[in-house]
Amino acid sequence: MEPRVLALFPFLPEVSSYLKQNGVTLDTIITDPAYERARDLGIQRVMEAFLDKEVKEHPMVSDVDYLFEMLSYIVARMIVSSTADEMLIIHYSLAEAVSMHKRLVEQDMDFVHEVALSLDINASLETGENMRIHFTDYLKLSSKMRAKEWALVSQELDSGYLVLDKRRMCRLIQQSLENKISDELPLPVNDEIIETFRPTIENVKVEIEKKKEEFKKEGFGRISFVRLPPCMKIMLNALKGGENLPHVGRFALTAFLNTIGIDTEGILALYATSPDFNVNLARYQIEHITGKSSGVEYLPQSCHTMVSQGICFEPDSLCKKEWMTHPLSYYKIKGKPRDKDKGKDTGKDKKGENGKSQQDEKEGKNDTSDKDN
Ligand code: SF4
């Protein structure tokens with residue numbers, strides 16, 4: 001494969017044999033002064049992905065340019081792994097996948113097919129700009145796409161396979177790359193990598209903290225249990241009903257409740273009916289997650305991580321929107337009036353969707369503002 005193509009699609013498996021042929025090792029990438037530009041491009045790649053939501057194309061004219069662009073992908077993964085921050089992993093994976101998609105749609109179908117195979121999508125070429133894909137792959141990759149055209153019932157199935165045009169195939173490949181990167185990261189990193197990129201890692205962490213602050217400053221409005229996403233509602237009800245929650249569930253719930261503005265005492269009160277409730281241990285765990293004792297305030301996990309941890313319970317139609325990637329987004333969106341409802345007093349706000357909002361508001365603590373509504 002042409003080095004230029006490998007530079008544009010650096011996740012392809014052919015990149016590793018290209019690097020071997022050119023005598024590039026992990027050590028040279030990290031320490032060789034001749035590779036400093038590749039390291040700089042890797043740093044730039046992470047910052048662009050995180051701040052600008054895209055991986056920009058840089059002018060490339062020589063084999064050295066192509067090589068450094070390939071290496072920038074490897075360096076970027078090292079930096080992202082060194083921070084091991086989930087928010088960064090989500091932003092980075094999405095930016096890589098979206099940017100790859102822009103390049104992929106300009107390629108011919110043979111190449112699109114090669115990329116699909118490299119991402120383990122069971123696909124074969126059909127006549128015209130079409131590809132045949134097994135419905136299990138289709139379901140796995142299209143589960144977040146809610147437009148009617150993606151529904152399995154709208155597809156013509158032939159012995160378990162369906163035929164997609166280039167546009168839709170490229171979109172599925174984008175999803176597959178995003179999943180692959182976010183599943184792979186963070187990779188294990190050694191001290192040498194951390195030392196080499198220490199200033200960058202520190203800078204990235206500062207940017208992440210700024211972003212988290214911005215996210216929190218946007219505010220979540222008055223605390224409302226009606227707006228809780230299904231996962232949090234189910235875990236909270238399980239605790240209140242005296243059931244035990246797995247550690248990952250407690251972690252996610254605590255981080256979520258803290259981010260929407262419930263303080264330690266409020267969270268403790270909600271956990272008090274848990275069968276193994278121990279006030280000192282619970283306080284210690286809450287203060288660790290909320291950063292009071294650890295100095296690191298954890299944000300709740302993304303939907304993707306919640307799914308992989310088995311704690312995405314009963315996702316509803318809002319969860320299934322293509323853009324829904326985080327329980328906090330659910331909470332924010334659920335509180336917003338739809339455009340068509342603006343200016344109307346339907347009475348729904350007072351009662352909530354299930355008529356329980358007055359009760360919910362009694363349960364909520366720190367009920368001081370209502371910015372969202
Ligand atoms: S999709 Fe996200 S918000 Fe909805 S239940 Fe699953 S983890 Fe929660």
# chains A, B, ... in the order shown; residues from 1 in each chain; ligands from 1

call {"tool": "residues_near_ligand", "arguments": {"ligand": "ligand 1", "cutoff": "9 Å", "atoms": "only C-alpha atoms and all ligand atoms", "output": "ChimeraX atom specification"}}
result
/A:228-234,301-307,311-321,324-331

call {"tool": "write_last_selection", "arguments": {"atoms": "C-alpha atoms", "output": "PDB file, in the first residue's frame"}}
result
ATOM      1  CA  LEU A 228     -32.300  10.758  35.528  1.00  0.00           C
ATOM      2  CA  PRO A 229     -31.313   8.425  32.709  1.00  0.00           C
ATOM      3  CA  PRO A 230     -32.669   4.874  32.991  1.00  0.00           C
ATOM      4  CA  CYS A 231     -29.321   3.428  34.135  1.00  0.00           C
ATOM      5  CA  MET A 232     -29.064   5.810  37.099  1.00  0.00           C
ATOM      6  CA  LYS A 233     -32.745   5.545  37.957  1.00  0.00           C
ATOM      7  CA  ILE A 234     -32.554   1.759  38.071  1.00  0.00           C
ATOM      8  CA  GLN A 301     -18.515   7.232  32.594  1.00  0.00           C
ATOM      9  CA  SER A 302     -19.750   7.509  29.034  1.00  0.00           C
ATOM     10  CA  CYS A 303     -22.583   5.320  27.727  1.00  0.00           C
ATOM     11  CA  HIS A 304     -20.028   3.254  25.813  1.00  0.00           C
ATOM     12  CA  THR A 305     -18.166   2.418  29.032  1.00  0.00           C
ATOM     13  CA  MET A 306     -21.410   1.831  30.920  1.00  0.00           C
ATOM     14  CA  VAL A 307     -22.430  -0.683  28.247  1.00  0.00           C
ATOM     15  CA  ILE A 311     -24.552  -1.154  33.805  1.00  0.00           C
ATOM     16  CA  CYS A 312     -26.441   0.451  30.911  1.00  0.00           C
ATOM     17  CA  PHE A 313     -29.887  -0.622  32.073  1.00  0.00           C
ATOM     18  CA  GLU A 314     -33.024  -0.423  29.944  1.00  0.00           C
ATOM     19  CA  PRO A 315     -31.967   2.331  27.518  1.00  0.00           C
ATOM     20  CA  ASP A 316     -35.008   4.205  26.259  1.00  0.00           C
ATOM     21  CA  SER A 317     -35.687   6.034  23.002  1.00  0.00           C
ATOM     22  CA  LEU A 318     -33.681   9.104  24.095  1.00  0.00           C
ATOM     23  CA  CYS A 319     -30.713   6.849  24.925  1.00  0.00           C
ATOM     24  CA  LYS A 320     -30.881   5.467  21.414  1.00  0.00           C
ATOM     25  CA  LYS A 321     -30.384   8.814  19.698  1.00  0.00           C
ATOM     26  CA  MET A 324     -26.441  10.307  22.963  1.00  0.00           C
ATOM     27  CA  THR A 325     -23.071   9.288  24.344  1.00  0.00           C
ATOM     28  CA  HIS A 326     -23.207  10.218  28.007  1.00  0.00           C
ATOM     29  CA  PRO A 327     -25.670   9.889  30.914  1.00  0.00           C
ATOM     30  CA  LEU A 328     -25.024  13.574  31.734  1.00  0.00           C
ATOM     31  CA  SER A 329     -26.136  14.547  28.234  1.00  0.00           C
ATOM     32  CA  TYR A 330     -29.330  12.579  28.811  1.00  0.00           C
ATOM     33  CA  TYR A 331     -29.937  14.478  32.043  1.00  0.00           C
TER      34      TYR A 331
END

call {"tool": "residues_around", "arguments": {"residues": "region 183-199 of chain A", "least_positions_apart": "2", "cutoff": "7 Å", "atoms": "only C-alpha atoms", "output": "PyMOL selection string"}}
result
chain A and resi 30+78-82+84+89+179-181+201-203

call {"tool": "write_last_selection", "arguments": {"atoms": "C-alpha atoms", "output": "PDB file, in the first residue's frame"}}
result
ATOM      1  CA  ILE A  30      10.445   8.085  21.810  1.00  0.00           C
ATOM      2  CA  MET A  78       0.763   7.003  23.792  1.00  0.00           C
ATOM      3  CA  ILE A  79      -0.130  10.472  25.088  1.00  0.00           C
ATOM      4  CA  VAL A  80      -3.829   9.678  25.429  1.00  0.00           C
ATOM      5  CA  SER A  81      -2.928   6.431  27.216  1.00  0.00           C
ATOM      6  CA  SER A  82      -0.580   8.256  29.581  1.00  0.00           C
ATOM      7  CA  ALA A  84      -5.790   7.497  31.025  1.00  0.00           C
ATOM      8  CA  ILE A  89     -10.384   8.906  25.146  1.00  0.00           C
ATOM      9  CA  ASN A 179     -15.337   1.702  18.938  1.00  0.00           C
ATOM     10  CA  LYS A 180     -11.976   0.112  18.212  1.00  0.00           C
ATOM     11  CA  ILE A 181      -9.936   3.098  19.427  1.00  0.00           C
ATOM     12  CA  ILE A 201       0.667  15.181  29.453  1.00  0.00           C
ATOM     13  CA  GLU A 202       0.529  17.994  32.011  1.00  0.00           C
ATOM     14  CA  ASN A 203      -0.773  20.438  29.368  1.00  0.00           C
TER      15      ASN A 203
END

call {"tool": "residues_around", "arguments": {"residues": "Lys140 (chain A)", "least_positions_apart": "2", "cutoff": "12 Å", "atoms": "only C-alpha atoms", "output": "mmCIF file with C-alpha atoms, in the first residue's frame"}}
result
data_model
loop_
_atom_site.group_PDB
_atom_site.id
_atom_site.type_symbol
_atom_site.label_atom_id
_atom_site.label_comp_id
_atom_site.auth_asym_id
_atom_site.auth_seq_id
_atom_site.Cartn_x
_atom_site.Cartn_y
_atom_site.Cartn_z
ATOM 1 C CA ASP A 120 -13.153 -7.015 11.228
ATOM 2 C CA ILE A 121 -16.377 -6.126 9.454
ATOM 3 C CA ASN A 122 -17.661 -9.158 7.605
ATOM 4 C CA ILE A 133 -22.549 -7.111 5.128
ATOM 5 C CA HIS A 134 -23.749 -9.649 7.675
ATOM 6 C CA PHE A 135 -26.686 -8.409 9.730
ATOM 7 C CA THR A 136 -24.887 -9.071 13.043
ATOM 8 C CA ASP A 137 -22.147 -6.596 12.091
ATOM 9 C CA TYR A 138 -24.790 -4.214 10.841
ATOM 10 C CA SER A 142 -25.849 0.836 13.623
ATOM 11 C CA SER A 143 -27.390 0.509 17.079
ATOM 12 C CA LYS A 144 -26.991 4.236 17.774
ATOM 13 C CA MET A 145 -28.352 5.371 14.418
ATOM 14 C CA TRP A 150 -30.955 2.478 9.529
ATOM 15 C CA LEU A 152 -33.157 -3.329 10.422
ATOM 16 C CA LEU A 172 -20.528 2.132 9.696
ATOM 17 C CA ILE A 173 -16.760 2.001 9.253
ATOM 18 C CA GLN A 175 -18.440 3.810 14.003
ATOM 19 C CA SER A 176 -16.281 0.718 13.953
ATOM 20 C CA ASN A 179 -15.337 1.702 18.938
#

call {"tool": "atom_distance", "arguments": {"atom1": "CA of Glu207 (chain A)", "atom2": "CA of Val46 (chain A)"}}
result
11.1 Å

call {"tool": "closest_residue", "arguments": {"among": "A:Glu178, A:Asp40, A:Asp108, A:Asp165", "to": "Ser93 (chain A)", "atoms": "only C-alpha atoms"}}
result
A:Glu178

call {"tool": "select_by_dssp", "arguments": {"residues": "region 25-153 of chain A", "states": "strand (DSSP E or B)", "output": "PyMOL selection string"}}
result
chain A and resi 123-125+130-134

call {"tool": "atom_distance", "arguments": {"atom1": "CA of Pro33 (chain A)", "atom2": "CA of Asp65 (chain A)"}}
result
15.8 Å

call {"tool": "atom_distance", "arguments": {"atom1": "CA of Leu257 (chain A)", "atom2": "CA of Asn244 (chain A)"}}
result
17.5 Å

call {"tool": "decode", "arguments": {"residues": "region 84-126 of chain A", "atoms": "N, CA and C atoms", "output": "compact mmCIF listing (two decimals), in the first residue's frame"}}
result
# COMPACT_ATOMS: atom_id res chain seq x y z
N ALA A 84 -4.77 8.48 30.62
CA ALA A 84 -5.79 7.50 31.02
C ALA A 84 -7.09 8.18 31.43
N ASP A 85 -7.44 9.25 30.76
CA ASP A 85 -8.65 9.98 31.11
C ASP A 85 -9.77 9.62 30.14
N GLU A 86 -10.89 9.24 30.70
CA GLU A 86 -11.96 8.73 29.84
C GLU A 86 -12.53 9.81 28.92
N MET A 87 -12.60 11.03 29.43
CA MET A 87 -13.14 12.11 28.59
C MET A 87 -12.24 12.33 27.37
N LEU A 88 -10.94 12.28 27.60
CA LEU A 88 -10.01 12.46 26.49
C LEU A 88 -10.14 11.30 25.50
N ILE A 89 -10.26 10.08 26.03
CA ILE A 89 -10.38 8.91 25.15
C ILE A 89 -11.64 9.04 24.26
N ILE A 90 -12.73 9.49 24.86
CA ILE A 90 -13.98 9.64 24.08
C ILE A 90 -13.79 10.68 22.97
N HIS A 91 -13.23 11.84 23.34
CA HIS A 91 -13.05 12.91 22.34
C HIS A 91 -12.08 12.48 21.26
N TYR A 92 -10.99 11.85 21.69
CA TYR A 92 -9.96 11.46 20.74
C TYR A 92 -10.50 10.41 19.75
N SER A 93 -11.16 9.38 20.27
CA SER A 93 -11.68 8.31 19.40
C SER A 93 -12.65 8.87 18.37
N LEU A 94 -13.52 9.75 18.85
CA LEU A 94 -14.53 10.32 17.95
C LEU A 94 -13.86 11.18 16.87
N ALA A 95 -12.90 12.01 17.28
CA ALA A 95 -12.23 12.89 16.30
C ALA A 95 -11.47 12.08 15.25
N GLU A 96 -10.79 11.02 15.70
CA GLU A 96 -10.07 10.17 14.73
C GLU A 96 -11.06 9.54 13.74
N ALA A 97 -12.17 9.05 14.26
CA ALA A 97 -13.12 8.33 13.41
C ALA A 97 -13.81 9.28 12.42
N VAL A 98 -14.21 10.46 12.91
CA VAL A 98 -14.90 11.41 12.04
C VAL A 98 -13.95 11.91 10.95
N SER A 99 -12.70 12.16 11.32
CA SER A 99 -11.72 12.66 10.33
C SER A 99 -11.41 11.57 9.31
N MET A 100 -11.31 10.33 9.78
CA MET A 100 -11.07 9.22 8.84
C MET A 100 -12.21 9.12 7.84
N HIS A 101 -13.44 9.32 8.33
CA HIS A 101 -14.61 9.21 7.46
C HIS A 101 -14.53 10.19 6.29
N LYS A 102 -14.08 11.43 6.59
CA LYS A 102 -13.98 12.45 5.53
C LYS A 102 -13.03 11.97 4.43
N ARG A 103 -11.97 11.28 4.84
CA ARG A 103 -11.00 10.80 3.84
C ARG A 103 -11.52 9.55 3.13
N LEU A 104 -12.23 8.74 3.84
CA LEU A 104 -12.68 7.46 3.28
C LEU A 104 -13.68 7.65 2.15
N VAL A 105 -14.59 8.61 2.32
CA VAL A 105 -15.63 8.78 1.29
C VAL A 105 -15.03 9.20 -0.06
N GLU A 106 -13.80 9.67 -0.03
CA GLU A 106 -13.15 10.08 -1.29
C GLU A 106 -12.42 8.92 -1.97
N GLN A 107 -12.36 7.78 -1.32
CA GLN A 107 -11.64 6.62 -1.87
C GLN A 107 -12.58 5.73 -2.70
N ASP A 108 -11.97 4.83 -3.49
CA ASP A 108 -12.82 3.93 -4.27
C ASP A 108 -13.32 2.77 -3.40
N MET A 109 -14.28 2.01 -3.95
CA MET A 109 -14.93 0.97 -3.16
C MET A 109 -13.98 -0.16 -2.76
N ASP A 110 -12.99 -0.45 -3.62
CA ASP A 110 -12.03 -1.50 -3.26
C ASP A 110 -11.32 -1.14 -1.96
N PHE A 111 -10.95 0.12 -1.87
CA PHE A 111 -10.23 0.54 -0.67
C PHE A 111 -11.18 0.55 0.54
N VAL A 112 -12.39 1.04 0.34
CA VAL A 112 -13.38 1.05 1.45
C VAL A 112 -13.56 -0.38 1.96
N HIS A 113 -13.59 -1.32 1.04
CA HIS A 113 -13.73 -2.72 1.41
C HIS A 113 -12.53 -3.19 2.24
N GLU A 114 -11.34 -2.81 1.82
CA GLU A 114 -10.13 -3.20 2.58
C GLU A 114 -10.17 -2.66 3.99
N VAL A 115 -10.62 -1.40 4.12
CA VAL A 115 -10.69 -0.79 5.45
C VAL A 115 -11.72 -1.53 6.31
N ALA A 116 -12.85 -1.87 5.69
CA ALA A 116 -13.89 -2.61 6.43
C ALA A 116 -13.32 -3.93 6.95
N LEU A 117 -12.63 -4.65 6.09
CA LEU A 117 -12.06 -5.94 6.50
C LEU A 117 -11.03 -5.75 7.62
N SER A 118 -10.24 -4.68 7.51
CA SER A 118 -9.20 -4.46 8.52
C SER A 118 -9.82 -4.18 9.89
N LEU A 119 -11.07 -3.73 9.89
CA LEU A 119 -11.76 -3.47 11.16
C LEU A 119 -12.68 -4.63 11.54
N ASP A 120 -12.41 -5.78 10.91
CA ASP A 120 -13.15 -7.01 11.23
C ASP A 120 -14.63 -6.94 10.91
N ILE A 121 -14.98 -6.13 9.90
CA ILE A 121 -16.38 -6.13 9.45
C ILE A 121 -16.51 -7.18 8.36
N ASN A 122 -17.46 -8.07 8.55
CA ASN A 122 -17.66 -9.16 7.61
C ASN A 122 -18.41 -8.62 6.38
N ALA A 123 -17.65 -8.16 5.37
CA ALA A 123 -18.28 -7.49 4.22
C ALA A 123 -17.66 -7.99 2.92
N SER A 124 -18.46 -7.97 1.86
CA SER A 124 -17.91 -8.31 0.54
C SER A 124 -18.44 -7.31 -0.49
N LEU A 125 -17.68 -7.16 -1.57
CA LEU A 125 -18.06 -6.18 -2.60
C LEU A 125 -19.21 -6.71 -3.44
N GLU A 126 -20.09 -5.81 -3.80
CA GLU A 126 -21.18 -6.13 -4.72
C GLU A 126 -21.02 -5.27 -5.97
